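S.K.: My structure is stored as work.cif, with mmCIF, C-alpha atoms.
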```
data_start
loop_
_atom_site.label_atom_id
_atom_site.label_comp_id
_atom_site.auth_asym_id
_atom_site.auth_seq_id
_atom_site.Cartn_x
_atom_site.Cartn_y
_atom_site.Cartn_z
CA MET A 314 0.00 0.00 0.00
CA SER A 315 1.22 3.52 -0.78
CA ILE A 316 0.02 4.59 2.66
CA PRO A 317 1.24 1.86 5.03
CA THR A 318 -1.21 0.70 7.67
CA GLU A 319 -0.46 -1.30 10.81
CA PRO A 320 -2.22 -2.53 13.95
CA ILE A 321 -0.91 -1.24 17.27
CA GLY A 322 -0.88 -4.49 19.22
CA SER A 323 -3.46 -6.15 21.43
CA LEU A 324 -6.77 -7.69 20.41
CA PRO A 325 -9.51 -9.03 22.68
CA ARG A 326 -8.92 -12.65 23.68
CA PRO A 327 -11.47 -15.29 22.58
CA ALA A 328 -13.80 -16.79 25.19
CA THR A 329 -11.83 -20.05 25.31
CA LEU A 330 -8.67 -18.20 26.27
CA LEU A 331 -10.42 -15.98 28.82
CA THR A 332 -11.86 -19.11 30.46
CA ALA A 333 -8.42 -20.73 30.52
CA LEU A 334 -6.85 -17.63 32.04
CA ALA A 335 -9.47 -17.55 34.80
CA GLY A 336 -8.95 -21.24 35.49
CA HIS A 337 -5.17 -20.88 35.53
CA ALA A 338 -5.42 -18.05 38.07
CA VAL A 339 -7.10 -20.38 40.59
CA GLY A 340 -5.06 -23.47 39.77
CA ARG A 341 -7.66 -25.38 37.75
CA VAL A 342 -5.80 -25.05 34.43
CA GLU A 343 -2.22 -26.25 34.05
CA ASP A 344 0.53 -24.24 32.36
CA ASP A 345 0.61 -26.53 29.30
CA GLU A 346 -3.13 -26.22 28.72
CA LEU A 347 -3.01 -22.44 29.04
CA ALA A 348 -0.10 -22.28 26.57
CA ALA A 349 -2.11 -24.38 24.11
CA ARG A 350 -5.10 -22.04 24.35
CA GLN A 351 -2.81 -19.02 23.88
CA GLU A 352 -1.26 -20.47 20.73
CA GLU A 353 -4.72 -21.34 19.37
CA ALA A 354 -5.79 -17.74 19.93
CA THR A 355 -2.61 -16.45 18.28
CA ALA A 356 -3.15 -18.68 15.23
CA ASP A 357 -6.78 -17.56 14.96
CA THR A 358 -5.72 -13.91 15.22
CA ILE A 359 -3.16 -14.34 12.45
CA ARG A 360 -5.67 -16.12 10.17
CA ARG A 361 -8.33 -13.46 10.64
CA LEU A 362 -5.94 -10.59 9.99
CA GLN A 363 -4.70 -12.33 6.85
CA ARG A 364 -8.26 -12.83 5.61
CA LEU A 365 -8.89 -9.11 6.06
CA GLY A 366 -5.87 -8.36 3.88
CA CYS A 367 -3.62 -6.84 6.54
CA PRO A 368 -0.21 -6.14 5.01
CA VAL A 369 1.43 -6.24 8.45
CA LEU A 370 0.26 -8.66 11.14
CA VAL A 371 0.42 -8.85 14.93
CA ASP A 372 -0.20 -11.72 17.33
CA GLY A 373 -2.77 -9.63 19.19
CA GLU A 374 -0.76 -10.08 22.42
CA GLN A 375 -2.80 -13.22 23.06
CA ALA A 376 -0.13 -14.72 25.35
CA LYS A 377 0.85 -11.53 27.21
CA PRO A 378 -0.60 -10.95 30.70
CA SER A 379 -0.50 -7.26 29.78
CA PHE A 380 1.35 -5.01 27.36
CA ALA A 381 3.37 -3.60 30.29
CA THR A 382 4.17 -6.50 32.59
CA TYR A 383 5.05 -9.36 30.24
CA PRO A 384 8.84 -9.02 30.92
CA VAL A 385 8.42 -9.48 34.68
CA ALA A 386 5.55 -11.98 34.90
CA GLY A 387 6.64 -14.66 37.37
CA LEU A 388 9.73 -12.75 38.53
CA GLY A 389 10.51 -13.56 42.17
CA THR A 390 11.83 -10.12 43.13
CA LEU A 391 8.54 -8.24 42.97
CA ALA A 392 5.85 -7.17 45.41
CA PRO A 393 2.30 -6.37 44.24
CA ASP A 394 2.07 -2.88 45.78
CA GLY A 395 3.75 -0.73 43.15
CA ALA A 396 2.69 2.43 41.31
CA VAL A 397 -1.06 2.88 40.84
CA ILE A 398 -2.44 4.17 37.52
CA PRO A 399 -5.90 5.79 37.90
CA PHE A 400 -8.29 5.87 34.96
CA ALA A 401 -10.98 8.44 34.24
CA ASP A 402 -13.86 6.09 35.08
CA GLY A 403 -12.46 5.43 38.58
CA HIS A 404 -10.82 2.04 38.08
CA THR A 405 -7.08 1.57 38.58
CA ARG A 406 -4.26 -0.67 37.46
CA GLN A 407 -1.31 -1.34 39.75
CA LEU A 408 2.24 -2.13 38.73
CA PRO A 409 4.44 -4.42 40.80
CA ARG A 410 7.30 -3.05 42.94
CA LEU A 411 10.89 -4.20 42.65
CA THR A 412 12.24 -5.60 45.95
CA ALA A 413 15.76 -6.75 45.01
CA GLY A 414 18.31 -6.68 42.23
CA PRO A 415 19.73 -7.38 39.79
CA PHE A 416 16.85 -6.63 37.43
CA ARG A 417 16.37 -9.13 34.64
CA TYR A 418 13.52 -9.84 32.22
CA ALA A 419 11.78 -13.15 32.82
CA THR A 420 10.33 -13.12 29.28
CA HIS A 421 11.52 -11.42 26.11
CA ALA A 422 9.04 -10.47 23.40
CA ASP A 423 10.73 -12.50 20.68
CA ALA A 424 9.06 -15.55 22.24
CA TYR A 425 5.69 -14.17 21.13
CA LEU A 426 7.05 -13.20 17.74
CA ARG A 427 8.46 -16.67 17.08
CA THR A 428 5.08 -18.22 17.91
CA ALA A 429 3.30 -15.86 15.52
CA ARG A 430 5.78 -16.53 12.73
CA ARG A 431 4.98 -20.25 12.91
CA HIS A 432 1.55 -19.35 11.53
CA THR A 433 2.37 -16.92 8.70
CA ASP A 434 4.94 -15.89 6.11
CA LEU A 435 3.68 -12.30 6.05
CA PRO A 436 5.44 -9.43 7.89
CA VAL A 437 4.82 -9.48 11.65
CA LYS A 438 5.17 -6.47 13.91
CA GLN A 439 6.17 -6.90 17.55
CA ALA A 440 5.23 -4.50 20.35
CA VAL A 441 7.52 -4.18 23.38
CA ILE A 442 7.16 -2.13 26.52
CA ALA A 443 9.31 1.01 26.68
CA PRO A 444 12.00 0.98 29.37
CA SER A 445 10.56 4.23 30.71
CA ALA A 446 7.45 2.33 31.81
CA LEU A 447 9.47 -0.36 33.56
CA SER A 448 11.49 2.32 35.36
CA LEU A 449 8.33 2.83 37.44
CA LEU A 450 8.94 -0.56 39.07
CA TYR A 451 11.77 0.93 41.14
CA PRO A 452 10.33 2.35 44.39
CA ALA A 453 10.89 5.93 45.53
CA GLU A 454 12.38 4.69 48.81
CA GLY A 455 15.01 2.68 46.93
CA VAL A 456 16.06 -0.97 47.15
CA ASP A 457 18.60 -2.08 49.75
CA GLY A 458 21.94 -2.81 48.14
CA TYR A 459 20.70 -1.94 44.66
CA PRO A 460 21.03 1.77 43.76
CA ARG A 461 18.68 3.27 41.20
CA GLU A 462 21.59 4.05 38.86
CA VAL A 463 22.56 0.38 38.75
CA PHE A 464 18.93 -0.61 38.20
CA LEU A 465 18.71 1.77 35.23
CA ASP A 466 21.90 0.32 33.74
CA ASP A 467 20.39 -3.17 34.03
CA LEU A 468 17.07 -1.97 32.61
CA VAL A 469 18.76 -0.39 29.57
CA ALA A 470 20.63 -3.62 28.87
CA GLU A 471 17.48 -5.73 29.18
CA ALA A 472 15.40 -3.37 27.02
CA GLU A 473 18.10 -3.40 24.35
CA ALA A 474 18.07 -7.20 24.39
CA ASP A 475 14.27 -7.26 24.12
CA ILE A 476 14.32 -5.12 20.97
CA ARG A 477 17.40 -6.74 19.42
CA ARG A 478 16.06 -10.26 19.87
CA CYS A 479 12.87 -9.24 18.04
CA LEU A 480 14.82 -7.65 15.19
CA ASP A 481 17.03 -10.73 14.94
CA ALA A 482 13.93 -12.97 14.91
CA GLY A 483 12.66 -11.16 11.82
CA ALA A 484 10.24 -8.56 13.16
CA HIS A 485 8.98 -6.27 10.41
CA VAL A 486 9.12 -3.46 12.95
CA VAL A 487 9.46 -3.25 16.72
CA GLN A 488 7.12 -0.80 18.42
CA LEU A 489 7.85 0.69 21.85
CA ASP A 490 4.64 1.25 23.82
CA PHE A 491 4.96 4.64 25.56
CA THR A 492 1.54 5.27 27.09
CA GLU A 493 3.26 6.63 30.20
CA GLY A 494 4.46 9.63 28.18
CA ARG A 495 1.22 11.55 28.27
CA LEU A 496 0.55 10.35 31.82
CA SER A 497 3.90 11.74 32.96
CA LEU A 498 2.67 15.27 32.31
CA LYS A 499 -0.20 14.63 34.70
CA LEU A 500 2.23 13.43 37.35
CA ASP A 501 4.74 16.21 36.67
CA PRO A 502 3.34 19.18 34.70
CA SER A 503 6.83 20.73 34.55
CA GLY A 504 7.81 18.13 31.93
CA GLY A 505 10.85 16.98 33.87
CA LEU A 506 9.60 13.40 34.20
CA LEU A 507 8.78 13.30 30.48
CA ASP A 508 12.30 14.51 29.67
CA ASP A 509 13.71 11.76 31.88
CA PHE A 510 11.53 9.12 30.22
CA VAL A 511 12.60 10.08 26.69
CA ALA A 512 16.26 10.31 27.72
CA LEU A 513 16.08 6.81 29.20
CA ASN A 514 14.47 5.39 26.07
CA ASN A 515 17.11 7.07 23.93
CA ARG A 516 19.85 5.45 26.03
CA VAL A 517 18.50 2.19 24.63
CA LEU A 518 17.80 3.41 21.09
CA GLU A 519 21.30 4.85 20.71
CA ARG A 520 22.67 1.31 20.96
CA PHE A 521 21.19 0.54 17.53
CA THR A 522 22.43 1.53 14.10
CA ALA A 523 20.51 3.97 11.91
CA ALA A 524 19.34 1.05 9.75
CA GLU A 525 18.06 -0.78 12.84
CA ARG A 526 16.33 2.32 14.20
CA ALA A 527 14.48 2.60 10.89
CA ARG A 528 12.73 -0.63 11.94
CA ILE A 529 11.84 0.72 15.39
CA GLY A 530 8.86 2.92 16.23
CA VAL A 531 7.26 4.38 19.34
CA HIS A 532 3.56 4.66 20.15
CA THR A 533 1.76 7.20 22.31
CA CYS A 534 -1.81 7.29 23.56
CA PRO A 535 -3.71 8.39 26.69
CA GLY A 536 -4.21 4.77 27.77
CA GLY A 537 -7.08 2.51 26.81
CA ASP A 538 -8.39 0.03 29.37
CA LEU A 539 -11.95 -1.06 30.11
CA ASP A 540 -13.13 1.67 27.73
CA SER A 541 -11.42 4.41 29.75
CA THR A 542 -8.24 6.51 29.54
CA HIS A 543 -5.76 7.79 32.11
CA SER A 544 -4.51 11.01 30.51
CA ALA A 545 -6.77 12.16 27.65
CA ASP A 546 -7.12 15.51 29.42
CA VAL A 547 -3.42 16.25 28.96
CA ASP A 548 -2.73 18.62 26.06
CA TYR A 549 -0.93 16.85 23.20
CA ALA A 550 0.88 20.10 22.44
CA LEU A 551 2.80 19.62 25.70
CA LEU A 552 3.78 16.05 24.83
CA LEU A 553 4.54 15.84 21.13
CA PRO A 554 7.63 18.09 20.78
CA THR A 555 9.42 15.99 23.42
CA PHE A 556 7.91 12.71 22.21
CA PHE A 557 9.39 13.34 18.76
CA ARG A 558 12.89 13.43 20.27
CA HIS A 559 12.84 9.62 20.32
CA ARG A 560 15.48 8.31 17.90
CA VAL A 561 13.21 6.04 15.85
CA GLY A 562 12.01 5.69 12.29
CA SER A 563 8.27 5.76 12.96
CA PHE A 564 5.84 7.38 15.37
CA TYR A 565 2.36 6.03 16.11
CA VAL A 566 -0.02 8.68 17.48
CA GLN A 567 -3.53 8.16 18.83
CA LEU A 568 -5.67 10.66 16.94
CA ALA A 569 -9.14 9.32 16.06
CA SER A 570 -10.51 9.99 19.55
CA GLU A 571 -9.02 13.48 19.86
CA PRO A 572 -11.68 16.24 20.05
CA ASP A 573 -9.63 18.60 17.85
CA ARG A 574 -7.63 16.54 15.38
CA GLU A 575 -6.77 19.51 13.18
CA ARG A 576 -5.01 21.22 16.08
CA VAL A 577 -3.01 18.08 16.89
CA LEU A 578 -2.08 17.62 13.24
CA HIS A 579 -0.79 21.18 13.14
CA VAL A 580 1.46 20.41 16.14
CA ILE A 581 2.67 17.21 14.46
CA ALA A 582 3.46 19.03 11.23
CA GLU A 583 5.42 21.69 13.13
CA THR A 584 7.50 19.27 15.25
CA LEU A 585 7.83 15.94 13.39
CA PRO A 586 11.52 15.10 12.79
CA ALA A 587 12.83 14.97 9.25
CA GLU A 588 12.69 11.53 7.63
CA ALA A 589 10.37 9.98 10.24
CA ARG A 590 7.03 8.45 9.24
CA ILE A 591 3.92 9.30 11.25
CA PHE A 592 1.16 6.72 11.67
CA VAL A 593 -2.05 8.47 12.72
CA GLY A 594 -4.81 6.68 14.58
CA VAL A 595 -7.95 6.44 12.45
CA THR A 596 -10.04 4.03 14.57
CA ASP A 597 -10.94 4.38 18.24
CA PRO A 598 -10.71 1.05 20.12
CA ILE A 599 -12.70 2.23 23.14
CA ASP A 600 -15.64 3.54 21.10
CA PRO A 601 -18.14 0.67 20.54
CA VAL A 602 -19.31 2.23 17.26
CA VAL A 603 -17.47 0.76 14.26
CA GLU A 604 -16.14 3.44 11.96
CA THR A 605 -17.15 3.34 8.30
CA ALA A 606 -14.51 3.11 5.61
CA GLU A 607 -15.59 6.59 4.47
CA GLN A 608 -14.99 8.03 7.95
CA VAL A 609 -11.51 6.51 7.97
CA ARG A 610 -10.86 7.86 4.47
CA ASP A 611 -11.80 11.36 5.57
CA ARG A 612 -9.51 11.15 8.60
CA VAL A 613 -6.61 10.14 6.37
CA LEU A 614 -7.34 12.97 3.94
CA GLU A 615 -7.52 15.36 6.91
CA ALA A 616 -4.04 14.24 7.96
CA ALA A 617 -2.76 14.54 4.38
CA ARG A 618 -3.66 18.24 4.42
CA HIS A 619 -0.99 18.71 7.10
CA LEU A 620 1.55 15.97 6.37
CA PRO A 621 3.25 14.80 3.16
CA PRO A 622 1.50 11.60 2.00
CA GLU A 623 4.87 9.89 1.54
CA ARG A 624 5.49 10.24 5.29
CA LEU A 625 1.99 9.22 6.35
CA GLY A 626 0.67 5.91 7.67
CA THR A 627 -2.45 4.77 9.50
CA CYS A 628 -3.04 2.70 12.62
CA ASP A 629 -5.59 2.07 15.33
CA ASP A 630 -5.43 4.56 18.19
CA CYS A 631 -4.09 1.93 20.58
CA GLY A 632 -4.45 -1.73 21.43
CA PHE A 633 -7.96 -3.12 21.87
CA ALA A 634 -7.23 -5.11 25.04
CA PRO A 635 -3.84 -4.19 26.53
CA PHE A 636 -4.61 -6.13 29.71
CA ALA A 637 -5.53 -9.80 29.26
CA ASP A 638 -8.72 -9.51 31.34
CA ASP A 639 -10.10 -6.55 29.38
CA ALA A 640 -13.20 -7.83 27.60
CA SER A 641 -14.89 -4.43 27.27
CA THR A 642 -14.57 -4.58 23.47
CA SER A 643 -15.67 -7.69 21.62
CA ARG A 644 -13.32 -9.56 19.33
CA GLU A 645 -15.78 -9.08 16.45
CA THR A 646 -15.88 -5.32 16.96
CA ALA A 647 -12.09 -5.13 16.95
CA PHE A 648 -11.77 -6.99 13.64
CA ALA A 649 -14.57 -4.87 12.14
CA LYS A 650 -12.67 -1.71 13.05
CA ILE A 651 -9.49 -3.10 11.53
CA ALA A 652 -11.40 -3.89 8.32
CA ALA A 653 -12.63 -0.29 8.23
CA ARG A 654 -9.07 0.97 8.70
CA LEU A 655 -7.81 -1.12 5.81
CA GLU A 656 -10.58 -0.17 3.39
CA GLY A 657 -10.60 3.49 4.45
CA THR A 658 -6.85 3.75 3.90
CA ARG A 659 -7.28 2.27 0.41
CA LEU A 660 -10.03 4.78 -0.37
CA ALA A 661 -7.77 7.62 0.78
CA GLU A 662 -4.98 6.37 -1.50
CA GLN A 663 -7.38 6.48 -4.41
CA ALA A 664 -8.55 9.98 -3.52
CA LEU A 665 -4.95 11.16 -3.31
CA GLY A 666 -4.01 9.48 -6.57
CA LEU A 667 -1.36 7.31 -4.96
#
```
Taking this structure as input, can you express it in the form of structure tokens?
M.R.:
Amino acid sequence: MSIPTEPIGSLPRPATLLTALAGHAVGRVEDDELAARQEEATADTIRRLQRLGCPVLVDGEQAKPSFATYPVAGLGTLAPDGAVIPFADGHTRQLPRLTAGPFRYATHADAYLRTARRHTDLPVKQAVIAPSALSLLYPAEGVDGYPREVFLDDLVAEAEADIRRCLDAGAHVVQLDFTEGRLSLKLDPSGGLLDDFVALNNRVLERFTAAERARIGVHTCPGGDLDSTHSADVDYALLLPTFFRHRVGSFYVQLASEPDRERVLHVIAETLPAEARIFVGVTDPIDPVVETAEQVRDRVLEAARHLPPERLGTCDDCGFAPFADDASTSRETAFAKIAARLEGTRLAEQALGL
């Protein structure tokens, strides 16, 4: 496609997998059975995306416990009482808290990628959590015998390995999930925390060559869980100039659900780095209404009034179910929205004469 289009990451899990996850949590389902249900869900996700004509596939994060915590699931040096993320509807998600070092990933994302690639020969994208998000595992009071500076060195090394293993395993692109970027401005309106987050991510990205960074992107959104957000009230104009300092080849920006897309597009056009491609969100995963292809087309044409078409791509605003237990959006609705994104992007290409 002249205008590339990609999913962001997660898709709602099928009922069979949700049942297995619930059973596994209380000890009624063994690890092997859960793994079998996860691979079945991954294979079904791949098949359905292929049938829709997706040029780039994802595994839908069917085997991840969440987009954020997959590297530390099962790690023995964690306590459950870490940082709390409040959402606009009143519910919260809580991260674990690191209790001892050294910090090591228990799972790297190439494991998910290798499973997906068993089921397709088409390009597969792999999402990974940004190191800035995992930096929140380290408690403010510190960890005995494990200074924060040493933790950050370990985190940078582990995050580099997570990305590099995916690139080596044949990922079409590796996407860093950076939902904490917009949230950081709620926690620290001065922007200091955001600066620190981007600097930490760039410590990792600078370990890659220019050719490798061309296959790495970073995604921002205001969160999307149980049909609610954690930072949609934060002005994008405060985030994007710093967000675009990431040393990557592509940026994925939630846009469909923004109340004033034209204003955001103006900020993007003013601050987007040279050479980078911008993927704009054209479907809203937390809105139950399925967009029409014509609505998607019009959103792409709106973006093309501000951005050169050769630097433009489309995506969903964010993942449809970033936490495994999020069933607020049906699997059928998610695939219908993806179909609208694909067809709407094609209609926009035709309208632009591409």
S.K.: If you apply the PyMOL selection byres ((chain A and resi 586) around 12) to this file, what residues do you get, as a ChimeraX atom specification?
M.R.: /A:553-564,580-585,587-591,620,624
S.K.: For the selection just defined, write its residues with C-alpha atoms to a file, as a PDB file, keeping the file's coordinate frame.
M.R.:
```
ATOM      1  CA  LEU A 553       4.540  15.840  21.130  1.00  0.00           C
ATOM      2  CA  PRO A 554       7.630  18.090  20.780  1.00  0.00           C
ATOM      3  CA  THR A 555       9.420  15.990  23.420  1.00  0.00           C
ATOM      4  CA  PHE A 556       7.910  12.710  22.210  1.00  0.00           C
ATOM      5  CA  PHE A 557       9.390  13.340  18.760  1.00  0.00           C
ATOM      6  CA  ARG A 558      12.890  13.430  20.270  1.00  0.00           C
ATOM      7  CA  HIS A 559      12.840   9.620  20.320  1.00  0.00           C
ATOM      8  CA  ARG A 560      15.480   8.310  17.900  1.00  0.00           C
ATOM      9  CA  VAL A 561      13.210   6.040  15.850  1.00  0.00           C
ATOM     10  CA  GLY A 562      12.010   5.690  12.290  1.00  0.00           C
ATOM     11  CA  SER A 563       8.270   5.760  12.960  1.00  0.00           C
ATOM     12  CA  PHE A 564       5.840   7.380  15.370  1.00  0.00           C
ATOM     13  CA  VAL A 580       1.460  20.410  16.140  1.00  0.00           C
ATOM     14  CA  ILE A 581       2.670  17.210  14.460  1.00  0.00           C
ATOM     15  CA  ALA A 582       3.460  19.030  11.230  1.00  0.00           C
ATOM     16  CA  GLU A 583       5.420  21.690  13.130  1.00  0.00           C
ATOM     17  CA  THR A 584       7.500  19.270  15.250  1.00  0.00           C
ATOM     18  CA  LEU A 585       7.830  15.940  13.390  1.00  0.00           C
ATOM     19  CA  ALA A 587      12.830  14.970   9.250  1.00  0.00           C
ATOM     20  CA  GLU A 588      12.690  11.530   7.630  1.00  0.00           C
ATOM     21  CA  ALA A 589      10.370   9.980  10.240  1.00  0.00           C
ATOM     22  CA  ARG A 590       7.030   8.450   9.240  1.00  0.00           C
ATOM     23  CA  ILE A 591       3.920   9.300  11.250  1.00  0.00           C
ATOM     24  CA  LEU A 620       1.550  15.970   6.370  1.00  0.00           C
ATOM     25  CA  ARG A 624       5.490  10.240   5.290  1.00  0.00           C
TER      26      ARG A 624
END
```
S.K.: Find the residue from A:Thr492, A:Thr627, A:Gln567, A:Ser445 that sits nearest to A:Thr658; use all atoms listed in the file when measuring.
M.R.: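 Ranking A:Thr492, A:Thr627, A:Gln567, A:Ser445 by distance to A:Thr658, first place goes to A:Thr627.
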S.K.: Between A:Thr522, A:Ser503, A:Thr428, A:Gln488, which residue has the minimum interatomic distance to A:Tyr565, considering only C-alpha atoms?
M.R.: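 Checking each candidate against A:Tyr565, we get A:Gln488 as the closest.
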S.K.: Residues within 8 Å of (-0.8, 6.4, 0.3), file coordinates, counting all atoms listed in the file: what are they? Give the list as a list in words.
M.R.: Met314, Ser315, Ile316, Pro317, Pro622, Glu623, Leu625, Gly626, Thr658, Arg659, Ala661, Glu662, Leu665 and Leu667 of chain A
S.K.: For atom CA of A:Asp630 and atom CA of A:Arg350, quote the distance in Å rounded to one decimal.
M.R.: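 So the two atoms, atom CA of A:Asp630 and atom CA of A:Arg350, lie 27.3 Å apart.
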S.K.: Evaluate the PyMOL selection byres ((chain A and resi 432) around 12) here and jot the selected residues down as a ChimeraX atom specification.
M.R.: /A:352-363,370-372,425-431,433-437
S.K.: Enumerate, as a list in words, the residues matched when the PyMOL selection byres ((chain A and resi 403) around 12) is run on the file above.
M.R.: Val397, Ile398, Pro399, Phe400, Ala401, Asp402, His404, Thr405, Arg406, Asp538, Leu539, Asp540, Ser541, Thr542 and His543 of chain A
S.K.: Keeping only C-alpha atoms, write the selected residues to a file as an mmCIF file, keeping the file's coordinate frame.
M.R.:
```cif
data_model
loop_
_atom_site.group_PDB
_atom_site.id
_atom_site.type_symbol
_atom_site.label_atom_id
_atom_site.label_comp_id
_atom_site.auth_asym_id
_atom_site.auth_seq_id
_atom_site.Cartn_x
_atom_site.Cartn_y
_atom_site.Cartn_z
ATOM 1 C CA VAL A 397 -1.060 2.880 40.840
ATOM 2 C CA ILE A 398 -2.440 4.170 37.520
ATOM 3 C CA PRO A 399 -5.900 5.790 37.900
ATOM 4 C CA PHE A 400 -8.290 5.870 34.960
ATOM 5 C CA ALA A 401 -10.980 8.440 34.240
ATOM 6 C CA ASP A 402 -13.860 6.090 35.080
ATOM 7 C CA HIS A 404 -10.820 2.040 38.080
ATOM 8 C CA THR A 405 -7.080 1.570 38.580
ATOM 9 C CA ARG A 406 -4.260 -0.670 37.460
ATOM 10 C CA ASP A 538 -8.390 0.030 29.370
ATOM 11 C CA LEU A 539 -11.950 -1.060 30.110
ATOM 12 C CA ASP A 540 -13.130 1.670 27.730
ATOM 13 C CA SER A 541 -11.420 4.410 29.750
ATOM 14 C CA THR A 542 -8.240 6.510 29.540
ATOM 15 C CA HIS A 543 -5.760 7.790 32.110
#
```
S.K.: Contacts of A:Pro320 at 8 Å or less, counting only C-alpha atoms, minus same-chain residues fewer than 5 places along, as a ChimeraX atom specification?
M.R.: /A:369-371,628-629,632,651
S.K.: So that I can check the surroundings of A:Leu552, please list as a list in words every protein, DNA and RNA residue that reaches within 8 Å of it, counting all atoms listed in the file and ignoring chain neighbours fewer than 6 positions away.
M.R.: Gly494, Arg495 and Leu498 of chain A
